[in-house]
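Data block for query.pdb (PDB, C-alpha atoms):
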```pdb
ATOM      1  CA  MET A   1      59.260  47.969 148.184  1.00  0.00           C
ATOM      2  CA  ASN A   2      55.815  49.528 147.973  1.00  0.00           C
ATOM      3  CA  ASP A   3      54.979  48.443 151.530  1.00  0.00           C
ATOM      4  CA  VAL A   4      58.182  49.950 152.885  1.00  0.00           C
ATOM      5  CA  LEU A   5      57.494  53.256 151.134  1.00  0.00           C
ATOM      6  CA  GLU A   6      53.931  53.333 152.442  1.00  0.00           C
ATOM      7  CA  GLN A   7      55.129  52.630 155.990  1.00  0.00           C
ATOM      8  CA  ARG A   8      57.755  55.373 155.786  1.00  0.00           C
ATOM      9  CA  LEU A   9      55.173  57.771 154.357  1.00  0.00           C
ATOM     10  CA  ALA A  10      52.711  57.018 157.157  1.00  0.00           C
ATOM     11  CA  ALA A  11      55.456  57.497 159.769  1.00  0.00           C
ATOM     12  CA  LYS A  12      56.493  60.834 158.255  1.00  0.00           C
ATOM     13  CA  LYS A  13      52.876  62.019 158.189  1.00  0.00           C
ATOM     14  CA  ARG A  14      52.412  61.057 161.854  1.00  0.00           C
ATOM     15  CA  ASP A  15      55.642  62.833 162.746  1.00  0.00           C
ATOM     16  CA  LEU A  16      54.470  65.956 160.900  1.00  0.00           C
ATOM     17  CA  GLU A  17      51.122  65.921 162.709  1.00  0.00           C
ATOM     18  CA  ASN A  18      52.929  65.596 166.049  1.00  0.00           C
ATOM     19  CA  GLN A  19      55.311  68.423 165.201  1.00  0.00           C
ATOM     20  CA  GLN A  20      52.423  70.660 164.159  1.00  0.00           C
ATOM     21  CA  GLU A  21      50.642  69.947 167.441  1.00  0.00           C
ATOM     22  CA  TYR A  22      53.815  70.675 169.444  1.00  0.00           C
ATOM     23  CA  PHE A  23      54.200  73.914 167.507  1.00  0.00           C
ATOM     24  CA  ARG A  24      50.644  74.971 168.362  1.00  0.00           C
ATOM     25  CA  ILE A  25      51.372  74.349 172.030  1.00  0.00           C
ATOM     26  CA  ASP A  26      54.737  76.136 171.929  1.00  0.00           C
ATOM     27  CA  MET A  27      53.189  79.216 170.299  1.00  0.00           C
ATOM     28  CA  LYS A  28      51.370  79.860 173.565  1.00  0.00           C
ATOM     29  CA  ASN A  29      54.711  80.176 175.376  1.00  0.00           C
ATOM     30  CA  ILE A  30      55.872  83.320 173.604  1.00  0.00           C
ATOM     31  CA  GLU A  31      57.414  84.701 176.783  1.00  0.00           C
ATOM     32  CA  GLN A  32      60.117  82.015 176.811  1.00  0.00           C
ATOM     33  CA  SER A  33      63.610  83.286 176.132  1.00  0.00           C
ATOM     34  CA  ASN A  34      64.248  80.739 173.383  1.00  0.00           C
ATOM     35  CA  TYR A  35      60.827  81.054 171.748  1.00  0.00           C
ATOM     36  CA  GLU A  36      62.125  82.326 168.393  1.00  0.00           C
ATOM     37  CA  ASP A  37      64.830  79.675 168.121  1.00  0.00           C
ATOM     38  CA  ASN A  38      62.364  76.925 168.966  1.00  0.00           C
ATOM     39  CA  ALA A  39      59.833  78.272 166.452  1.00  0.00           C
ATOM     40  CA  ILE A  40      62.420  78.523 163.660  1.00  0.00           C
ATOM     41  CA  ASN A  41      63.757  75.028 164.329  1.00  0.00           C
ATOM     42  CA  ALA A  42      60.246  73.567 164.456  1.00  0.00           C
ATOM     43  CA  LEU A  43      59.229  75.252 161.196  1.00  0.00           C
ATOM     44  CA  LEU A  44      62.402  74.103 159.431  1.00  0.00           C
ATOM     45  CA  TYR A  45      61.864  70.548 160.628  1.00  0.00           C
ATOM     46  CA  MET A  46      58.233  70.598 159.471  1.00  0.00           C
ATOM     47  CA  LYS A  47      59.348  71.897 156.060  1.00  0.00           C
ATOM     48  CA  LYS A  48      61.869  69.045 155.844  1.00  0.00           C
ATOM     49  CA  LEU A  49      59.166  66.519 156.718  1.00  0.00           C
ATOM     50  CA  LYS A  50      56.824  67.956 154.073  1.00  0.00           C
ATOM     51  CA  THR A  51      59.566  67.660 151.457  1.00  0.00           C
ATOM     52  CA  GLU A  52      60.266  64.053 152.440  1.00  0.00           C
ATOM     53  CA  ILE A  53      56.536  63.271 152.319  1.00  0.00           C
ATOM     54  CA  ALA A  54      56.279  64.744 148.826  1.00  0.00           C
ATOM     55  CA  GLU A  55      59.283  62.685 147.687  1.00  0.00           C
ATOM     56  CA  LEU A  56      57.807  59.464 149.084  1.00  0.00           C
ATOM     57  CA  GLU A  57      54.446  60.200 147.446  1.00  0.00           C
ATOM     58  CA  LEU A  58      56.217  60.744 144.136  1.00  0.00           C
ATOM     59  CA  LEU A  59      58.086  57.451 144.502  1.00  0.00           C
ATOM     60  CA  LEU A  60      54.817  55.659 145.227  1.00  0.00           C
ATOM     61  CA  GLN A  61      53.212  57.231 142.157  1.00  0.00           C
ATOM     62  CA  PHE A  62      56.164  56.215 140.012  1.00  0.00           C
ATOM     63  CA  ASP A  63      56.067  52.694 141.432  1.00  0.00           C
ATOM     64  CA  SER A  64      52.355  52.348 140.692  1.00  0.00           C
ATOM     65  CA  VAL A  65      52.777  53.621 137.127  1.00  0.00           C
ATOM     66  CA  CYS A  66      55.720  51.350 136.391  1.00  0.00           C
ATOM     67  CA  LYS A  67      54.569  48.082 137.974  1.00  0.00           C
ATOM     68  CA  ASP A  68      55.414  46.147 134.822  1.00  0.00           C
ATOM     69  CA  LYS A  69      58.666  48.113 134.384  1.00  0.00           C
ATOM     70  CA  THR A  70      57.875  48.813 130.718  1.00  0.00           C
ATOM     71  CA  CYS A  71      58.274  52.529 131.306  1.00  0.00           C
ATOM     72  CA  VAL A  72      61.934  52.132 132.255  1.00  0.00           C
ATOM     73  CA  LEU A  73      64.357  52.182 129.364  1.00  0.00           C
ATOM     74  CA  SER A  74      67.190  49.719 129.025  1.00  0.00           C
ATOM     75  CA  LYS A  75      70.729  50.988 128.502  1.00  0.00           C
ATOM     76  CA  ASP A  76      70.489  50.240 124.756  1.00  0.00           C
ATOM     77  CA  GLU A  77      67.144  52.015 124.486  1.00  0.00           C
ATOM     78  CA  SER A  78      68.395  55.076 126.331  1.00  0.00           C
ATOM     79  CA  ASP A  79      71.509  55.156 124.102  1.00  0.00           C
ATOM     80  CA  THR A  80      69.318  54.946 120.992  1.00  0.00           C
ATOM     81  CA  PHE A  81      66.983  57.618 122.343  1.00  0.00           C
ATOM     82  CA  ASN A  82      69.863  59.964 123.165  1.00  0.00           C
ATOM     83  CA  THR A  83      71.542  59.379 119.805  1.00  0.00           C
ATOM     84  CA  TYR A  84      68.385  60.456 117.998  1.00  0.00           C
ATOM     85  CA  LEU A  85      67.991  63.469 120.276  1.00  0.00           C
ATOM     86  CA  GLU A  86      71.543  64.544 119.568  1.00  0.00           C
ATOM     87  CA  GLY A  87      70.859  64.295 115.852  1.00  0.00           C
ATOM     88  CA  ASP A  88      67.824  65.409 113.925  1.00  0.00           C
ATOM     89  CA  VAL A  89      64.566  64.743 115.754  1.00  0.00           C
ATOM     90  CA  LYS A  90      62.719  64.916 112.427  1.00  0.00           C
ATOM     91  CA  ILE A  91      64.652  61.864 111.267  1.00  0.00           C
ATOM     92  CA  ALA A  92      64.010  60.116 114.568  1.00  0.00           C
ATOM     93  CA  PHE A  93      60.230  60.001 114.114  1.00  0.00           C
ATOM     94  CA  GLY A  94      60.714  58.180 110.835  1.00  0.00           C
ATOM     95  CA  ASN A  95      62.417  55.231 112.552  1.00  0.00           C
ATOM     96  CA  THR A  96      60.571  52.375 114.209  1.00  0.00           C
ATOM     97  CA  ASP A  97      63.127  51.971 117.002  1.00  0.00           C
ATOM     98  CA  TRP A  98      62.675  55.623 117.977  1.00  0.00           C
ATOM     99  CA  ASN A  99      58.903  55.287 117.821  1.00  0.00           C
ATOM    100  CA  HIS A 100      59.011  52.199 120.046  1.00  0.00           C
ATOM    101  CA  ILE A 101      61.112  54.005 122.655  1.00  0.00           C
ATOM    102  CA  TYR A 102      58.981  57.136 122.384  1.00  0.00           C
ATOM    103  CA  ARG A 103      55.822  55.068 122.997  1.00  0.00           C
ATOM    104  CA  LYS A 104      57.485  53.399 125.955  1.00  0.00           C
ATOM    105  CA  ILE A 105      58.140  56.816 127.490  1.00  0.00           C
ATOM    106  CA  VAL A 106      54.844  58.579 126.791  1.00  0.00           C
ATOM    107  CA  GLY A 107      52.459  55.650 126.449  1.00  0.00           C
ATOM    108  CA  ASN A 108      49.226  56.782 124.831  1.00  0.00           C
ATOM    109  CA  ASN A 109      49.843  60.407 125.753  1.00  0.00           C
ATOM    110  CA  SER A 110      51.765  61.597 122.707  1.00  0.00           C
ATOM    111  CA  SER A 111      50.889  64.879 121.086  1.00  0.00           C
ATOM    112  CA  GLU A 112      48.974  65.203 117.834  1.00  0.00           C
ATOM    113  CA  PHE A 113      52.153  66.529 116.240  1.00  0.00           C
ATOM    114  CA  ALA A 114      54.125  63.446 117.297  1.00  0.00           C
ATOM    115  CA  GLU A 115      51.376  61.133 116.082  1.00  0.00           C
ATOM    116  CA  LYS A 116      51.347  62.878 112.723  1.00  0.00           C
ATOM    117  CA  CYS A 117      55.125  62.617 112.487  1.00  0.00           C
ATOM    118  CA  MET A 118      55.095  58.884 113.237  1.00  0.00           C
ATOM    119  CA  GLU A 119      52.242  58.142 110.836  1.00  0.00           C
ATOM    120  CA  ASN A 120      53.490  60.218 107.924  1.00  0.00           C
ATOM    121  CA  GLY A 121      57.217  59.653 108.288  1.00  0.00           C
ATOM    122  CA  LEU A 122      57.524  63.271 109.355  1.00  0.00           C
ATOM    123  CA  GLU A 123      55.960  65.143 106.530  1.00  0.00           C
ATOM    124  CA  ILE A 124      55.563  68.307 108.578  1.00  0.00           C
TER     125      ILE A 124
END
```
Please rewrite the model in this file as structure tokens.
Amino acid sequence: MNDVLEQRLAAKKRDLENQQEYFRIDMKNIEQSNYEDNAINALLYMKKLKTEIAELELLLQFDSVCKDKTCVLSKDESDTFNTYLEGDVKIAFGNTDWNHIYRKIVGNNSSEFAEKCMENGLEI
């Protein structure tokens, strides 16, 4: 999947470069009757390409972070996580299943507050 995303990203970047070059050339033809329409269409298309490039880059980042798939929650884990969120979050940090899911989501990037809550059973 990674290779396909990288190929699509490279193709989109080449297309954007080509469109930008065409736009530079077309700007010199301001006397044409359809200059404004062409300019607007070209700019909108370039904006679309930039958005698609950003999306592909985000997918590649996500794919590289989640190679081992441990950052993706199972259905049971997401149900447990949501159940605790719907209840009292203070209680959640006192439970090992919540802490396991929380660690799976944030890795080693939890806040000092969250660490304190998990260590002390939420004695805030």
Listed atoms of stretch 23-35 of chain A boxed axis-aligned with 3 Å per side, centre + edges as JSON:
```
{"center_x": 57.4, "center_y": 79.3, "center_z": 172.2, "size_x": 19.6, "size_y": 16.8, "size_z": 15.3}
```
Task: Who sits within 12 Å of A:Arg8, only C-alpha atoms, same chain under 2 positions skipped, as a PyMOL selection string - done: chain A and resi 1-6+10-15+49+52-57+59-60
Open item on the list: Given only C-alpha atoms as the basis, pick out the residue of A:Leu58, A:Ile101, A:Ile91, A:Met118 nearest to A:Lys75.
Closed with: A:Ile101
Task: Atom pair atom CA of A:Thr96 / atom CA of A:Phe81: separation (Å) - done: 11.6 Å
Task: Polymer residues at most 12 Å from A:Tyr45, all atoms listed in the file, same-chain spacing of 3 or more positions, as an MDAnalysis selection string - done: chainID A and resid 12 15:20 22:23 38:42 48:52
Task: Polymer residues at most 12 Å from A:His100, only C-alpha atoms, same-chain spacing of 3 or more positions, as number ranges by chain - done: A: 70-71, 73, 77-78, 80-81, 92-97, 103-108, 118
